[in-house]
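Listing of structure19.cif; format and content: mmCIF, C-alpha atoms.
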```cif
data_model
loop_
_atom_site.group_PDB
_atom_site.id
_atom_site.type_symbol
_atom_site.label_atom_id
_atom_site.label_comp_id
_atom_site.auth_asym_id
_atom_site.auth_seq_id
_atom_site.Cartn_x
_atom_site.Cartn_y
_atom_site.Cartn_z
ATOM 1 C CA MET U 1494 30.452 33.442 -32.768
ATOM 2 C CA LEU U 1495 32.272 30.135 -32.984
ATOM 3 C CA LYS U 1496 31.792 27.364 -35.479
ATOM 4 C CA GLY U 1497 30.061 24.231 -34.289
ATOM 5 C CA LEU U 1498 28.588 25.722 -31.110
ATOM 6 C CA ASP U 1499 24.944 26.470 -30.549
ATOM 7 C CA PRO U 1500 24.644 30.299 -30.522
ATOM 8 C CA ARG U 1501 22.362 30.100 -27.468
ATOM 9 C CA LEU U 1502 25.399 29.033 -25.437
ATOM 10 C CA GLY U 1503 27.222 32.137 -24.289
ATOM 11 C CA ALA U 1504 30.675 32.263 -22.736
ATOM 12 C CA ASP U 1505 29.390 32.037 -19.145
ATOM 13 C CA VAL U 1506 27.317 28.943 -19.869
ATOM 14 C CA LEU U 1507 30.140 27.245 -21.754
ATOM 15 C CA TYR U 1508 32.633 28.048 -18.994
ATOM 16 C CA ALA U 1509 30.342 26.612 -16.312
ATOM 17 C CA LEU U 1510 29.506 23.448 -18.257
ATOM 18 C CA ARG U 1511 33.170 22.845 -19.117
ATOM 19 C CA SER U 1512 34.237 23.433 -15.508
ATOM 20 C CA MET U 1513 31.755 20.918 -14.116
ATOM 21 C CA GLY U 1514 33.031 17.450 -13.300
ATOM 22 C CA HIS U 1515 31.389 14.039 -13.461
ATOM 23 C CA GLY U 1516 28.437 13.964 -11.082
ATOM 24 C CA ASP U 1517 28.106 17.753 -10.780
ATOM 25 C CA THR U 1518 24.633 19.125 -11.394
ATOM 26 C CA VAL U 1519 23.220 22.125 -13.215
ATOM 27 C CA VAL U 1520 19.771 23.602 -12.667
ATOM 28 C CA ILE U 1521 17.930 24.930 -15.705
ATOM 29 C CA CYS U 1522 14.899 26.857 -14.539
ATOM 30 C CA ASP U 1523 11.878 28.873 -15.530
ATOM 31 C CA GLY U 1524 11.344 32.538 -14.730
ATOM 32 C CA ASN U 1525 9.390 31.828 -11.535
ATOM 33 C CA PHE U 1526 12.171 29.827 -9.851
ATOM 34 C CA PRO U 1527 14.073 31.707 -7.090
ATOM 35 C CA ALA U 1528 17.162 31.438 -9.274
ATOM 36 C CA ASP U 1529 19.234 34.300 -7.883
ATOM 37 C CA HIS U 1530 18.666 33.229 -4.284
ATOM 38 C CA ILE U 1531 19.543 29.596 -5.048
ATOM 39 C CA ALA U 1532 22.498 30.529 -7.295
ATOM 40 C CA ARG U 1533 24.154 32.465 -4.481
ATOM 41 C CA GLN U 1534 24.285 29.186 -2.546
ATOM 42 C CA THR U 1535 26.018 27.228 -5.327
ATOM 43 C CA GLY U 1536 29.703 26.799 -6.020
ATOM 44 C CA LEU U 1537 29.865 29.676 -8.516
ATOM 45 C CA GLY U 1538 27.692 32.012 -6.483
ATOM 46 C CA ASP U 1539 26.337 33.746 -9.577
ATOM 47 C CA LEU U 1540 23.299 33.305 -11.724
ATOM 48 C CA ILE U 1541 23.853 32.490 -15.387
ATOM 49 C CA ALA U 1542 21.138 33.528 -17.803
ATOM 50 C CA ILE U 1543 20.075 32.286 -21.206
ATOM 51 C CA ALA U 1544 17.570 35.077 -21.681
ATOM 52 C CA ASN U 1545 14.636 35.035 -24.057
ATOM 53 C CA VAL U 1546 14.621 31.278 -24.614
ATOM 54 C CA SER U 1547 12.415 28.525 -23.287
ATOM 55 C CA VAL U 1548 13.638 25.792 -20.961
ATOM 56 C CA PRO U 1549 13.470 23.184 -23.764
ATOM 57 C CA ASP U 1550 15.468 25.487 -26.077
ATOM 58 C CA ALA U 1551 18.116 26.036 -23.396
ATOM 59 C CA ILE U 1552 18.307 22.320 -22.651
ATOM 60 C CA GLU U 1553 18.572 21.462 -26.341
ATOM 61 C CA ALA U 1554 21.568 23.806 -26.601
ATOM 62 C CA ILE U 1555 23.118 22.414 -23.418
ATOM 63 C CA LEU U 1556 22.680 18.829 -24.613
ATOM 64 C CA SER U 1557 24.745 19.693 -27.684
ATOM 65 C CA VAL U 1558 27.842 19.858 -25.443
ATOM 66 C CA LEU U 1559 27.034 18.233 -22.075
ATOM 67 C CA PRO U 1560 26.986 14.468 -21.456
ATOM 68 C CA VAL U 1561 24.088 13.719 -19.085
ATOM 69 C CA GLU U 1562 23.731 10.637 -16.895
ATOM 70 C CA ASP U 1563 20.666 11.629 -14.870
ATOM 71 C CA ALA U 1564 17.895 14.212 -15.001
ATOM 72 C CA ALA U 1565 15.259 15.325 -12.527
ATOM 73 C CA ARG U 1566 12.163 17.499 -12.684
ATOM 74 C CA MET U 1567 10.209 19.514 -10.133
ATOM 75 C CA GLU U 1568 6.973 17.689 -9.323
ATOM 76 C CA VAL U 1569 3.647 19.467 -9.614
ATOM 77 C CA MET U 1570 2.376 20.296 -6.121
ATOM 78 C CA GLY U 1571 -0.529 18.046 -5.227
ATOM 79 C CA ALA U 1572 -0.092 15.968 -8.411
ATOM 80 C CA PRO U 1573 3.415 14.453 -8.318
ATOM 81 C CA ASP U 1574 2.742 12.033 -11.188
ATOM 82 C CA GLU U 1575 1.480 14.747 -13.549
ATOM 83 C CA ILE U 1576 3.885 15.536 -16.383
ATOM 84 C CA PRO U 1577 3.315 19.081 -17.690
ATOM 85 C CA ALA U 1578 3.880 19.695 -21.408
ATOM 86 C CA ILE U 1579 7.165 21.501 -20.750
ATOM 87 C CA GLN U 1580 8.557 18.468 -18.922
ATOM 88 C CA ALA U 1581 7.365 16.148 -21.700
ATOM 89 C CA GLU U 1582 9.271 18.345 -24.174
ATOM 90 C CA VAL U 1583 12.422 18.034 -22.059
ATOM 91 C CA GLN U 1584 11.971 14.265 -21.819
ATOM 92 C CA ALA U 1585 11.713 14.055 -25.620
ATOM 93 C CA LEU U 1586 14.997 15.974 -25.935
ATOM 94 C CA LEU U 1587 16.684 13.639 -23.451
ATOM 95 C CA ASP U 1588 15.325 10.607 -25.294
ATOM 96 C CA ARG U 1589 16.775 11.935 -28.554
ATOM 97 C CA HIS U 1590 20.138 13.302 -27.351
ATOM 98 C CA GLU U 1591 20.948 11.432 -24.109
ATOM 99 C CA PRO U 1592 18.792 8.280 -23.932
ATOM 100 C CA SER U 1593 21.000 6.739 -21.258
ATOM 101 C CA ALA U 1594 19.816 9.484 -18.867
ATOM 102 C CA GLY U 1595 16.483 7.643 -18.629
ATOM 103 C CA GLN U 1596 13.231 9.123 -17.404
ATOM 104 C CA LEU U 1597 13.073 12.423 -15.565
ATOM 105 C CA ARG U 1598 13.063 11.684 -11.848
ATOM 106 C CA GLY U 1599 10.403 13.578 -9.907
ATOM 107 C CA ILE U 1600 11.462 15.670 -6.899
ATOM 108 C CA GLU U 1601 8.938 17.349 -4.596
ATOM 109 C CA ARG U 1602 9.010 21.153 -4.978
ATOM 110 C CA PHE U 1603 10.694 22.081 -1.685
ATOM 111 C CA ALA U 1604 13.084 19.130 -1.884
ATOM 112 C CA PHE U 1605 13.954 20.359 -5.396
ATOM 113 C CA TYR U 1606 14.905 23.765 -3.931
ATOM 114 C CA GLU U 1607 17.175 22.039 -1.409
ATOM 115 C CA GLU U 1608 18.797 19.848 -4.050
ATOM 116 C CA ALA U 1609 19.275 22.895 -6.280
ATOM 117 C CA LYS U 1610 21.360 24.537 -3.546
ATOM 118 C CA ASN U 1611 23.983 21.833 -4.129
ATOM 119 C CA ALA U 1612 24.173 22.426 -7.887
ATOM 120 C CA TYR U 1613 27.350 23.617 -9.534
ATOM 121 C CA CYS U 1614 25.380 26.435 -11.139
ATOM 122 C CA VAL U 1615 21.907 27.709 -11.959
ATOM 123 C CA ILE U 1616 20.920 28.714 -15.483
ATOM 124 C CA SER U 1617 17.837 30.895 -15.669
ATOM 125 C CA THR U 1618 15.743 31.151 -18.817
ATOM 126 C CA GLY U 1619 12.920 33.355 -20.009
ATOM 127 C CA GLU U 1620 10.478 30.450 -19.670
ATOM 128 C CA ARG U 1621 7.026 31.522 -18.442
ATOM 129 C CA ARG U 1622 5.366 28.103 -18.188
ATOM 130 C CA PHE U 1623 5.107 26.614 -14.707
ATOM 131 C CA TYR U 1624 7.248 23.664 -13.567
ATOM 132 C CA GLY U 1625 10.006 24.293 -16.083
ATOM 133 C CA CYS U 1626 12.659 23.387 -13.526
ATOM 134 C CA ILE U 1627 15.144 20.649 -14.371
ATOM 135 C CA ILE U 1628 18.357 19.341 -12.805
ATOM 136 C CA LEU U 1629 20.879 17.655 -15.104
ATOM 137 C CA THR U 1630 23.748 15.533 -13.776
ATOM 138 C CA LYS U 1631 26.910 15.633 -15.845
ATOM 139 C CA GLY U 1632 28.046 12.272 -17.171
ATOM 140 C CA VAL U 1633 31.298 11.254 -18.807
ATOM 141 C CA ILE U 1634 32.716 11.046 -22.293
ATOM 142 C CA ALA U 1635 34.389 7.680 -22.888
ATOM 143 C CA PRO U 1636 37.836 7.517 -24.462
ATOM 144 C CA ASP U 1637 38.077 6.679 -28.147
ATOM 145 C CA ALA U 1638 38.176 2.937 -28.796
#
```
Can you give me the file's structure in the form of structure tokens?
Amino acid sequence: MLKGLDPRLGADVLYALRSMGHGDTVVICDGNFPADHIARQTGLGDLIAIANVSVPDAIEAILSVLPVEDAARMEVMGAPDEIPAIQAEVQALLDRHEPSAGQLRGIERFAFYEEAKNAYCVISTGERRFYGCIILTKGVIAPDA
């Protein structure tokens, strides 16, 4: 354990988030997402897991260390404007911790899979609710004034 770090963030997650550069993306996904398949097509080639936590819990931990400039969500098939409760929870976390990220952008399910293949890494959670798939784009930390 380290002081000042969320205990949900293990060494693999911290290494990946620290290694990402401005504009790189990270996928945080539910248990139904084809995470291993997609992860093998990313820069790291491995799947990172934050087991036994929900997507909102994982994102809350990630937001404690990662500046975010954009965020996207997987749209519900047949109802692209519907915002499931899990996505509303993520939006509330973004509003509180990274308001400049704005509203979650919707991405059609299969387009989301394609965009996920370009992510720096994929972080899988133990989330069982549907449509708990989010892409965060790393922002920047400004120099001290």
At a cut-off of 7 Å, can you tabulate as a Markdown table every residue of region 1560-1634 of chain U near region 1522-1530 of chain U together with its closest atom pair and the distance in Å to one decimal, using only C-alpha atoms and ordering rows by chain then number?
```
| residue | atom | partner | partner_atom | distance |
| --- | --- | --- | --- | --- |
| U:Val1615 | CA | U:Ala1528 | CA | 6.6 |
| U:Ile1616 | CA | U:Cys1522 | CA | 6.4 |
| U:Ser1617 | CA | U:Cys1522 | CA | 5.1 |
| U:Thr1618 | CA | U:Asp1523 | CA | 5.6 |
| U:Gly1619 | CA | U:Gly1524 | CA | 5.6 |
| U:Glu1620 | CA | U:Asp1523 | CA | 4.6 |
| U:Arg1621 | CA | U:Gly1524 | CA | 5.8 |
| U:Gly1625 | CA | U:Asp1523 | CA | 5.0 |
| U:Cys1626 | CA | U:Cys1522 | CA | 4.3 |
| U:Ile1627 | CA | U:Cys1522 | CA | 6.2 |
```
Name the closest residue to Arg1622 (chain U) among the candidates U:Leu1502, U:Ala1635, U:Leu1587, U:Val1548; distances are taken between atoms, counting all atoms listed in the file. U:Val1548
Which residues match the PyMOL selection byres ((chain U and resi 1630) around 9) in the file above, as an MDAnalysis selection string? chainID U and resid 1515:1519 1560:1565 1594 1628:1629 1631:1632
Restricting the calculation to all atoms listed in the file, which member of U:Leu1556, U:Ala1532, U:Val1633, U:Met1513 is positioned closest to Tyr1606 (chain U)?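 Of the candidates, the smallest distance to Tyr1606 (chain U) is held by U:Ala1532.
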To one decimal place, how far is CA of Ser1547 (chain U) from CA of Tyr1624 (chain U) in Å?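 Between CA of Ser1547 (chain U) and CA of Tyr1624 (chain U) the gap works out to 12.0 Å.
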Quote the spacing between CA of Tyr1508 (chain U) and CA of Glu1601 (chain U) in Å to one decimal place.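 Atom-to-atom, CA of Tyr1508 (chain U) and CA of Glu1601 (chain U) are spaced 29.7 Å apart.
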How would you write, as number ranges by chain, the residues chosen by the PyMOL selection byres ((chain U and resi 1567) around 6) on this structure? U: 1566, 1568, 1599-1600, 1602, 1626
Between CA of Met1494 (chain U) and CA of Leu1586 (chain U), what distance in Å does the model show, to one decimal? 24.3 Å
Looking at all atoms listed in the file, which of U:Val1569, U:Val1558, U:Ile1531, U:Ala1638 is the one that sits closest to Ala1509 (chain U)?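 Counting all atoms listed in the file, the residue closest to Ala1509 (chain U) is U:Val1558.
Considering the residues U:Ala1578, U:Leu1597, U:Cys1614, U:Ala1585 and counting all atoms listed in the file, Asp1505 (chain U) has its shortest atom-to-atom contact with U:Cys1614.
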Counting all atoms listed in the file, which of U:Ala1554, U:Leu1559, U:Ile1521, U:Ala1609 gets nearest to Gln1580 (chain U)? U:Ile1521
With all atoms listed in the file as the atoms that count, which of U:Ala1504, U:Ile1541, U:Ala1572, U:Ile1634 lies nearest to Tyr1613 (chain U)? U:Ile1541
Where is the centre and how long are the edges: axis-aligned box on region 1544-1549 of chain U, 3 Å on each side, Å to one decimal, as lines of an AutoDock Vina configuration file:
```
center_x = 15.0
center_y = 29.1
center_z = -22.8
size_x = 11.2
size_y = 17.9
size_z = 9.7
```
To test your reading of the syntax: which residues would the PyMOL selection byres ((chain U and resi 1549) around 8) return for the file shown? Reply as a PyMOL selection string. chain U and resi 1547-1548+1550-1553+1579+1582-1583+1586
